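Coordinates from query.txt are shown below (compact mmCIF, C-alpha atoms).
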```
# COMPACT_ATOMS: atom_id res chain seq x y z
CA MET A 1 -10.26 -13.95 -52.69
CA LEU A 2 -7.53 -11.32 -52.26
CA LEU A 3 -10.14 -8.56 -52.01
CA LEU A 4 -11.99 -10.51 -49.33
CA LEU A 5 -8.77 -11.01 -47.37
CA LEU A 6 -7.92 -7.31 -47.69
CA ALA A 7 -11.40 -6.33 -46.49
CA LEU A 8 -11.06 -8.68 -43.52
CA LEU A 9 -7.70 -7.15 -42.58
CA ILE A 10 -9.13 -3.63 -42.79
CA LEU A 11 -12.08 -4.66 -40.62
CA CYS A 12 -9.77 -6.25 -38.05
CA GLY A 13 -7.66 -3.09 -37.99
CA PHE A 14 -10.74 -0.93 -37.50
CA LEU A 15 -12.04 -3.12 -34.66
CA TRP A 16 -8.61 -3.19 -33.01
CA ASN A 17 -8.36 0.62 -33.04
CA TYR A 18 -11.95 0.96 -31.83
CA LYS A 19 -11.25 -1.44 -28.96
CA ARG A 20 -8.20 0.60 -27.91
CA GLN A 21 -10.32 3.78 -27.73
CA LEU A 22 -12.90 2.42 -25.28
CA LYS A 23 -12.54 4.13 -21.89
CA ILE A 24 -13.61 3.41 -18.31
CA ALA A 25 -16.88 5.08 -17.33
CA ASP A 26 -15.95 7.33 -14.40
CA ILE A 27 -12.65 8.61 -13.05
CA THR A 28 -13.79 11.16 -10.49
CA ASP A 29 -14.13 8.54 -7.75
CA LYS A 30 -10.81 6.81 -8.50
CA TYR A 31 -7.54 7.14 -6.59
CA ILE A 32 -4.09 6.84 -8.13
CA PHE A 33 -0.67 6.79 -6.46
CA ILE A 34 2.39 8.04 -8.36
CA THR A 35 6.03 7.89 -7.23
CA GLY A 36 8.79 10.28 -8.29
CA CYS A 37 6.63 13.41 -8.64
CA ASP A 38 9.23 16.10 -7.88
CA THR A 39 10.09 16.63 -11.54
CA GLY A 40 9.91 15.04 -14.98
CA PHE A 41 7.34 12.43 -15.98
CA GLY A 42 5.92 12.01 -12.48
CA ASN A 43 5.37 15.71 -11.95
CA LEU A 44 3.62 16.15 -15.29
CA ALA A 45 1.56 13.00 -14.70
CA ALA A 46 0.37 14.24 -11.29
CA ARG A 47 -0.70 17.60 -12.73
CA THR A 48 -2.33 16.00 -15.78
CA PHE A 49 -4.37 13.40 -13.88
CA ASP A 50 -5.39 15.97 -11.29
CA LYS A 51 -6.88 18.11 -14.08
CA LYS A 52 -8.68 15.07 -15.46
CA GLY A 53 -10.45 14.55 -12.13
CA PHE A 54 -8.57 11.68 -10.52
CA HIS A 55 -7.81 11.74 -6.80
CA VAL A 56 -4.04 11.88 -7.12
CA ILE A 57 -1.67 10.93 -4.32
CA ALA A 58 1.76 12.12 -5.43
CA ALA A 59 4.89 10.83 -3.72
CA CYS A 60 7.79 13.30 -3.75
CA LEU A 61 11.31 12.85 -2.46
CA THR A 62 11.77 16.46 -1.34
CA GLU A 63 9.74 19.06 0.53
CA SER A 64 10.38 21.58 -2.24
CA GLY A 65 9.04 19.17 -4.85
CA SER A 66 5.91 18.60 -2.77
CA THR A 67 5.33 22.31 -2.18
CA GLY A 68 5.81 23.19 -5.85
CA LEU A 69 3.40 20.49 -7.00
CA LYS A 70 0.67 21.48 -4.54
CA ALA A 71 0.94 25.09 -5.73
CA GLU A 72 0.05 24.01 -9.29
CA THR A 73 -2.79 21.58 -8.57
CA SER A 74 -6.26 21.36 -7.05
CA GLY A 75 -7.28 20.51 -3.51
CA ARG A 76 -7.97 16.92 -4.63
CA LEU A 77 -4.28 16.20 -4.97
CA HIS A 78 -2.37 15.05 -1.90
CA THR A 79 1.38 14.76 -1.62
CA VAL A 80 3.46 12.52 0.61
CA LEU A 81 7.21 12.55 1.18
CA LEU A 82 8.62 9.18 0.23
CA ASP A 83 12.05 7.67 -0.30
CA VAL A 84 11.19 4.38 -2.01
CA THR A 85 14.39 2.80 -0.64
CA ASP A 86 13.21 3.29 2.96
CA PRO A 87 11.17 0.16 3.87
CA GLU A 88 9.64 1.64 7.02
CA LYS A 89 8.55 4.78 5.16
CA VAL A 90 7.03 2.70 2.37
CA LYS A 91 5.08 0.65 4.93
CA LYS A 92 3.74 3.76 6.70
CA THR A 93 2.84 5.41 3.40
CA ALA A 94 0.88 2.34 2.28
CA GLN A 95 -1.11 2.43 5.52
CA TRP A 96 -1.79 6.16 5.05
CA VAL A 97 -2.95 5.53 1.46
CA LYS A 98 -5.20 2.72 2.69
CA ASN A 99 -6.88 5.14 5.10
CA GLN A 100 -7.33 7.67 2.30
CA VAL A 101 -8.88 5.37 -0.31
CA GLY A 102 -11.08 3.34 2.05
CA GLU A 103 -13.27 0.69 0.49
CA LYS A 104 -12.75 2.05 -3.02
CA GLY A 105 -9.22 0.74 -3.11
CA LEU A 106 -6.47 2.12 -5.33
CA TRP A 107 -7.32 2.26 -9.02
CA GLY A 108 -3.84 3.08 -10.26
CA LEU A 109 -0.27 2.59 -9.06
CA ILE A 110 2.32 4.31 -11.25
CA ASN A 111 5.88 3.29 -10.34
CA ASN A 112 7.81 6.17 -11.85
CA ALA A 113 10.59 6.98 -9.35
CA GLY A 114 14.03 6.29 -10.74
CA VAL A 115 17.65 7.38 -10.87
CA LEU A 116 20.31 7.03 -13.55
CA GLY A 117 23.31 6.41 -11.32
CA VAL A 118 26.77 6.28 -12.85
CA LEU A 119 27.13 5.68 -16.58
CA ALA A 120 30.68 4.55 -17.28
CA PRO A 121 32.59 1.59 -18.71
CA THR A 122 32.12 -1.51 -16.56
CA ASP A 123 35.80 -1.90 -15.69
CA TRP A 124 35.78 1.59 -14.13
CA LEU A 125 33.15 0.66 -11.58
CA THR A 126 32.80 -1.01 -8.20
CA VAL A 127 29.75 -2.90 -6.95
CA GLU A 128 28.81 0.22 -4.95
CA ASP A 129 28.32 2.13 -8.22
CA TYR A 130 25.58 -0.37 -9.11
CA ARG A 131 23.83 -0.20 -5.77
CA GLU A 132 21.86 3.09 -5.92
CA PRO A 133 20.02 2.58 -9.23
CA ILE A 134 19.21 -1.02 -8.34
CA GLU A 135 17.95 -0.02 -4.88
CA VAL A 136 15.73 2.76 -6.28
CA ASN A 137 14.69 1.46 -9.70
CA LEU A 138 14.17 -2.18 -8.75
CA PHE A 139 13.89 -2.89 -5.02
CA GLY A 140 12.10 0.41 -4.36
CA LEU A 141 9.62 -0.32 -7.15
CA ILE A 142 9.04 -3.88 -5.92
CA ASN A 143 8.56 -2.83 -2.29
CA VAL A 144 6.07 -0.09 -3.17
CA THR A 145 4.18 -2.52 -5.40
CA LEU A 146 3.98 -5.25 -2.78
CA HIS A 147 2.62 -2.83 -0.16
CA MET A 148 0.08 -1.21 -2.51
CA LEU A 149 -1.03 -4.40 -4.28
CA PRO A 150 -3.85 -5.32 -1.84
CA LEU A 151 -5.41 -1.90 -2.47
CA VAL A 152 -5.07 -2.28 -6.26
CA LYS A 153 -6.63 -5.77 -6.10
CA LYS A 154 -9.55 -4.36 -4.12
CA ALA A 155 -10.25 -1.86 -6.92
CA ARG A 156 -9.42 -4.36 -9.70
CA GLY A 157 -7.23 -1.57 -10.93
CA ARG A 158 -3.98 -0.94 -12.80
CA VAL A 159 -0.26 -1.15 -12.11
CA ILE A 160 1.99 0.84 -14.43
CA ASN A 161 5.75 0.33 -14.24
CA VAL A 162 8.00 2.86 -15.94
CA SER A 163 10.95 0.98 -17.39
CA SER A 164 13.11 2.27 -20.26
CA ILE A 165 14.65 1.33 -23.56
CA GLY A 166 17.54 0.58 -21.19
CA GLY A 167 15.46 -2.42 -20.16
CA ARG A 168 15.60 -3.72 -23.72
CA LEU A 169 19.13 -2.73 -24.80
CA ALA A 170 22.31 -2.26 -22.77
CA LEU A 171 23.37 1.22 -23.85
CA GLY A 172 26.11 1.67 -21.27
CA GLY A 173 27.82 0.33 -18.18
CA GLY A 174 26.46 0.90 -14.67
CA GLY A 175 23.48 -0.11 -12.58
CA TYR A 176 20.75 1.58 -14.63
CA THR A 177 20.50 -1.05 -17.36
CA PRO A 178 20.52 -4.10 -15.03
CA SER A 179 17.85 -2.43 -12.88
CA LYS A 180 15.59 -1.81 -15.87
CA TYR A 181 16.07 -5.29 -17.31
CA ALA A 182 14.98 -6.62 -13.92
CA VAL A 183 11.95 -4.29 -13.87
CA GLU A 184 10.86 -5.81 -17.18
CA GLY A 185 11.05 -9.30 -15.67
CA PHE A 186 9.18 -8.26 -12.52
CA ASN A 187 6.54 -6.54 -14.64
CA ASP A 188 5.93 -9.67 -16.74
CA SER A 189 5.61 -12.01 -13.76
CA LEU A 190 3.35 -9.54 -11.94
CA ARG A 191 1.13 -9.16 -15.01
CA ARG A 192 0.54 -12.90 -15.21
CA ASP A 193 0.02 -13.28 -11.46
CA MET A 194 -2.54 -10.46 -11.32
CA LYS A 195 -4.61 -11.47 -14.35
CA ALA A 196 -6.92 -13.71 -12.29
CA PHE A 197 -7.68 -10.75 -10.00
CA GLY A 198 -8.75 -8.47 -12.83
CA VAL A 199 -5.70 -6.24 -12.32
CA HIS A 200 -4.03 -4.99 -15.52
CA VAL A 201 -0.25 -4.50 -15.42
CA SER A 202 1.49 -2.37 -18.05
CA CYS A 203 5.09 -1.45 -18.72
CA ILE A 204 6.14 1.86 -20.29
CA GLU A 205 9.46 1.99 -22.14
CA PRO A 206 10.46 5.62 -22.78
CA GLY A 207 13.17 6.43 -25.26
CA LEU A 208 15.65 9.27 -24.71
CA PHE A 209 13.99 12.32 -23.15
CA GLN A 210 15.33 15.67 -22.00
CA THR A 211 14.87 15.38 -18.23
CA GLY A 212 17.02 16.00 -15.19
CA LEU A 213 17.69 12.27 -15.11
CA SER A 214 19.71 12.36 -18.33
CA ASP A 215 21.45 15.74 -17.90
CA PRO A 216 24.73 15.26 -19.86
CA ILE A 217 26.61 17.66 -17.56
CA LYS A 218 25.71 15.63 -14.46
CA VAL A 219 26.47 12.38 -16.27
CA ASN A 220 29.92 13.63 -17.18
CA GLU A 221 30.63 15.02 -13.71
CA LYS A 222 30.07 11.57 -12.23
CA LYS A 223 32.29 10.02 -14.91
CA ARG A 224 35.08 12.53 -14.20
CA ALA A 225 34.88 11.82 -10.47
CA ILE A 226 35.45 8.11 -11.12
CA TRP A 227 38.23 8.81 -13.63
CA LYS A 228 40.29 10.55 -10.92
CA HIS A 229 40.43 7.34 -8.89
CA LEU A 230 41.16 4.89 -11.71
CA SER A 231 44.39 2.93 -11.77
CA PRO A 232 47.17 4.16 -14.10
CA ASP A 233 46.73 1.02 -16.23
CA ILE A 234 43.07 1.73 -16.99
CA ARG A 235 43.73 5.43 -17.65
CA GLN A 236 46.43 4.43 -20.12
CA GLN A 237 44.10 1.99 -21.85
CA TYR A 238 41.34 4.56 -22.32
CA GLY A 239 43.51 7.63 -22.86
CA GLU A 240 43.42 11.06 -21.20
CA GLY A 241 41.02 12.48 -23.80
CA TYR A 242 38.45 9.70 -23.42
CA ILE A 243 35.91 11.64 -21.38
CA GLU A 244 35.95 14.66 -23.71
CA LYS A 245 35.49 12.40 -26.73
CA SER A 246 32.65 10.50 -25.03
CA LEU A 247 30.94 13.82 -24.29
CA GLU A 248 31.06 14.66 -27.99
CA LYS A 249 29.48 11.28 -28.76
CA LEU A 250 26.82 12.02 -26.15
CA LYS A 251 26.03 15.34 -27.84
CA ASP A 252 25.49 13.48 -31.11
CA SER A 253 22.79 11.38 -29.42
CA THR A 254 20.67 14.49 -28.74
CA PHE A 255 19.33 13.95 -32.27
CA PHE A 256 17.30 11.10 -30.78
CA GLU A 257 16.08 13.01 -27.72
CA ASN A 258 12.40 13.76 -27.20
CA VAL A 259 11.45 17.05 -25.57
CA ASP A 260 7.73 16.42 -25.15
CA LEU A 261 7.27 14.62 -21.83
CA SER A 262 3.55 14.28 -22.48
CA LEU A 263 4.34 11.35 -24.81
CA VAL A 264 5.05 9.26 -21.70
CA VAL A 265 2.08 10.65 -19.77
CA GLU A 266 -0.23 9.79 -22.69
CA CYS A 267 0.90 6.16 -22.34
CA MET A 268 0.16 6.31 -18.61
CA ASP A 269 -3.26 7.79 -19.39
CA HIS A 270 -4.16 5.00 -21.80
CA ALA A 271 -2.96 2.35 -19.36
CA LEU A 272 -5.10 3.92 -16.62
CA THR A 273 -8.29 4.68 -18.53
CA SER A 274 -8.57 2.24 -21.44
CA LEU A 275 -10.86 -0.75 -21.09
CA PHE A 276 -8.18 -2.69 -22.91
CA PRO A 277 -4.75 -1.34 -21.84
CA LYS A 278 -1.64 -2.54 -23.62
CA THR A 279 0.92 -4.71 -21.88
CA HIS A 280 3.80 -2.57 -23.20
CA TYR A 281 4.03 1.03 -24.38
CA ALA A 282 6.97 2.48 -26.32
CA ALA A 283 7.14 6.22 -25.66
CA GLY A 284 8.95 8.51 -28.08
CA LYS A 285 9.68 8.26 -31.79
CA ASP A 286 13.19 6.95 -31.14
CA ALA A 287 11.85 4.12 -28.98
CA LYS A 288 9.14 3.14 -31.47
CA ASN A 289 11.15 3.46 -34.67
CA PHE A 290 14.69 2.58 -33.63
CA TRP A 291 15.46 1.23 -30.13
CA ILE A 292 12.62 -1.27 -29.72
CA PRO A 293 13.00 -2.68 -33.27
CA LEU A 294 16.77 -2.92 -32.68
CA SER A 295 16.13 -4.88 -29.46
CA HIS A 296 14.49 -7.63 -31.57
CA MET A 297 17.48 -7.89 -33.90
CA PRO A 298 20.32 -10.45 -33.62
CA ALA A 299 23.01 -9.60 -31.05
CA VAL A 300 25.64 -9.21 -33.78
CA LEU A 301 23.60 -6.40 -35.38
CA GLN A 302 22.90 -4.74 -32.01
CA ASP A 303 26.63 -4.78 -31.24
CA PHE A 304 27.51 -3.33 -34.63
CA VAL A 305 25.11 -0.39 -34.17
CA LEU A 306 25.84 0.34 -30.52
CA LEU A 307 29.62 -0.05 -30.74
CA ARG A 308 29.68 2.70 -33.35
CA GLN A 309 28.70 5.08 -30.54
CA LYS A 310 31.70 4.05 -28.45
CA VAL A 311 34.92 6.07 -28.28
CA LYS A 312 37.98 4.29 -29.66
CA LEU A 313 40.40 3.43 -26.86
CA ALA A 314 43.88 4.89 -26.84
CA ASN A 315 45.72 1.67 -26.02
CA PRO A 316 43.56 -1.34 -25.12
CA LYS A 317 46.60 -3.65 -25.19
CA ALA A 318 48.24 -1.80 -22.29
CA VAL A 319 47.38 -4.46 -19.71
```
Would you write out, as C-alpha cells, the structure that this file holds?
Amino acid sequence: MLLLLLALLILCGFLWNYKRQLKIADITDKYIFITGCDTGFGNLAARTFDKKGFHVIAACLTESGSTGLKAETSGRLHTVLLDVTDPEKVKKTAQWVKNQVGEKGLWGLINNAGVLGVLAPTDWLTVEDYREPIEVNLFGLINVTLHMLPLVKKARGRVINVSSIGGRLALGGGGYTPSKYAVEGFNDSLRRDMKAFGVHVSCIEPGLFQTGLSDPIKVNEKKRAIWKHLSPDIRQQYGEGYIEKSLEKLKDSTFFENVDLSLVVECMDHALTSLFPKTHYAAGKDAKNFWIPLSHMPAVLQDFVLLRQKVKLANPKAV
C-alpha cells in the first residue's frame, strides 16, 4: 500500500512538472508591453523578450533610457516615454499601443515600473513621504492595467504584476511596503475577475536584488535628509549615531542579495509563455527559502526575526 502511494506521488510530481513545461505554440506574432524599462528588471526583460522574437513595446521614463535600450535591441522593439503617474500620458499610450497591435491584441502586460521611496522609521515621516511610491507602484500600475486590459482580453493574454517580498512582509517604514501589499490585493482580485475571459494574471515577488532601486547609498541619503528636519525629541530618542548603525545593519543584509536579475525575468518568461502559468512566483533564493516561508509564520515569530535587524534606540523613554 505504501509503495503504491509513493508511486502515485511520484507520478503526480512528474505530471505536474511536465504540465509546467508546456509552452505556447508561437511567440513571433505576439505583442507585449513592459513598464519601467530604463534599467533593472524591465530593461533586461525587454532585451530578453526581443531576442526571443516577441514584439516588445518598452515604456521608459527617460529619453536616455529609451535611446540606450533601442541601441541594444532589434527593429521589432519599440519604445515609448511614459510616466505611469500621468493619467493623460497613460491614456494616449494605450491608444498608441492599440494602433500598433491591431486585431491581435496585447498578449502580455508586464507592470514592472516602481520606486522605493523613503525607507525610515514611521514616526520620522509625513504623509507626503508615502505619496510617491503609492502613486507609482499602486495607482500607476492600476491605471496602466485598466487602460491596457481591453487589449489583453482581446488576445486572451497575460498580465504580470511585479510585487515584492515587501508585499508579504513589512521590512521597514515608508510607502513602499503599503504599496506592494496593495498590489498583491489588486493582483488577486484581477486574477479572479479575468479568469472567465481566459486571461491569466500572475504576481512576481522578487527578494532582495542589487538594482538601482535598492542602492544603500541613495537609501541612506534620503534618511539623512529627513533626519535633519526631525524634532529634537525624536533625535534624542533614536540617538545621533542611529543612521550610521542602521547603515551597518543594511550592509549585513547584503548576504541575502541576489545579483542575477535574470531570476526575475525567468519568472516573467514562464508567466508569458507557459500554457499553465503560476499565480505567484518567488524570485531569488532568499525569497523562496526565507522571506516567503517567514510570511506564513505567526506574527510573533516574524517580529522576533525582523526586530533583530533593527538598531537599538538610544533613549526611547525620552518622550
Could you name the residues that touch A:Val97 at 9 Å or less, counting all atoms listed in the file, but leaving out those on the same chain fewer than 4 positions away, as a PDB file with C-alpha atoms, keeping the file's coordinate frame?
```pdb
ATOM      1  CA  PHE A  33      -0.670   6.790  -6.460  1.00  0.00           C
ATOM      2  CA  ILE A  57      -1.670  10.930  -4.320  1.00  0.00           C
ATOM      3  CA  LYS A  92       3.740   3.760   6.700  1.00  0.00           C
ATOM      4  CA  THR A  93       2.840   5.410   3.400  1.00  0.00           C
ATOM      5  CA  VAL A 101      -8.880   5.370  -0.310  1.00  0.00           C
ATOM      6  CA  GLY A 102     -11.080   3.340   2.050  1.00  0.00           C
ATOM      7  CA  LEU A 106      -6.470   2.120  -5.330  1.00  0.00           C
ATOM      8  CA  MET A 148       0.080  -1.210  -2.510  1.00  0.00           C
ATOM      9  CA  LEU A 151      -5.410  -1.900  -2.470  1.00  0.00           C
TER      10      LEU A 151
END
```
Polymer residues at most 10 Å from A:Lys245, only C-alpha atoms, same-chain spacing of 5 or more positions, as a PyMOL selection string: chain A and resi 240+250-251+310-312
Cut-off 9 Å: closest stretch 34-122 of chain A/stretch 162-177 of chain A atom pairs per residue, using only C-alpha atoms, as a tab-separated table:
```
residue	atom	partner	partner_atom	distance
A:Ile110	CA	A:Val162	CA	7.5
A:Asn111	CA	A:Val162	CA	6.0
A:Asn112	CA	A:Val162	CA	5.3
A:Ala113	CA	A:Val162	CA	8.2
A:Gly114	CA	A:Val162	CA	8.7
A:Val115	CA	A:Tyr176	CA	7.6
A:Leu116	CA	A:Tyr176	CA	5.6
A:Gly117	CA	A:Tyr176	CA	6.4
A:Val118	CA	A:Gly174	CA	5.7
A:Leu119	CA	A:Gly174	CA	5.2
A:Ala120	CA	A:Gly173	CA	5.2
A:Pro121	CA	A:Gly173	CA	5.0
A:Thr122	CA	A:Gly173	CA	4.9
```
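Of the listed residues (A:His147, A:Lys30, A:Lys288, A:His78), A:His147 comes nearest to A:Lys98; the distances count only C-alpha atoms.
One distance worth recording is that between atom CA of A:Gly36 and atom CA of A:Leu272, which is 17.4 Å.
When atom CA of A:Lys317 is paired with atom CA of A:Trp227, their separation reads 18.9 Å.
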Give me the residues within 9 Å of A:Glu135 as a ChimeraX atom specification, counting only C-alpha atoms and dropping any in the same chain fewer than 5 places off. /A:84-85,130,140-141,179
Can you spit out the residues from that selection as a short mmCIF file (atom, residue, chain, number, x, y, z; two decimals), in the coordinates of the input, using C-alpha atoms?
```
data_model
loop_
_atom_site.label_atom_id
_atom_site.label_comp_id
_atom_site.auth_asym_id
_atom_site.auth_seq_id
_atom_site.Cartn_x
_atom_site.Cartn_y
_atom_site.Cartn_z
CA VAL A 84 11.19 4.38 -2.01
CA THR A 85 14.39 2.80 -0.64
CA TYR A 130 25.58 -0.37 -9.11
CA GLY A 140 12.10 0.41 -4.36
CA LEU A 141 9.62 -0.32 -7.15
CA SER A 179 17.85 -2.43 -12.88
#
```
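Between atom CA of A:Tyr181 and atom CA of A:Cys60 lies a distance of 24.5 Å.
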Which residue of A:Glu248, A:Glu205, A:Asp38, A:Asp26 approaches A:His55 most closely, using only C-alpha atoms: A:Asp26
Taking all atoms listed in the file into account, name the residue in A:Gln309, A:Ser295, A:Asn258, A:Thr62 that is nearest to A:Thr211. A:Asn258
Non-local contacts of stretch 190-192 of chain A (10 Å; only C-alpha atoms; under 5 positions in same chain excluded) as a VMD selection string: chain A and resid 145 158 to 159 184 to 185 197 199 to 203 279
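Using all atoms listed in the file, the shortest contact distance between A:Asn43 and any of A:Asn289, A:Leu261, A:Pro133, A:Gln210 is found at A:Leu261.
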Which residue is closest to A:Asp233? Choose from A:Phe139, A:Phe186, A:Trp124, A:Phe209 and count all atoms listed in the file. A:Trp124
Need to verify the contact set: A:Gly239, 9 Å, only C-alpha atoms, exclusion of same-chain residues closer than 6 positions in sequence. Can you return it as a PyMOL selection string? chain A and resi 313-315
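Distances to A:Ile32 were evaluated for A:Asn143, A:Ser231, A:Ser66, A:Thr79 using only C-alpha atoms, and the minimum falls at A:Thr79.
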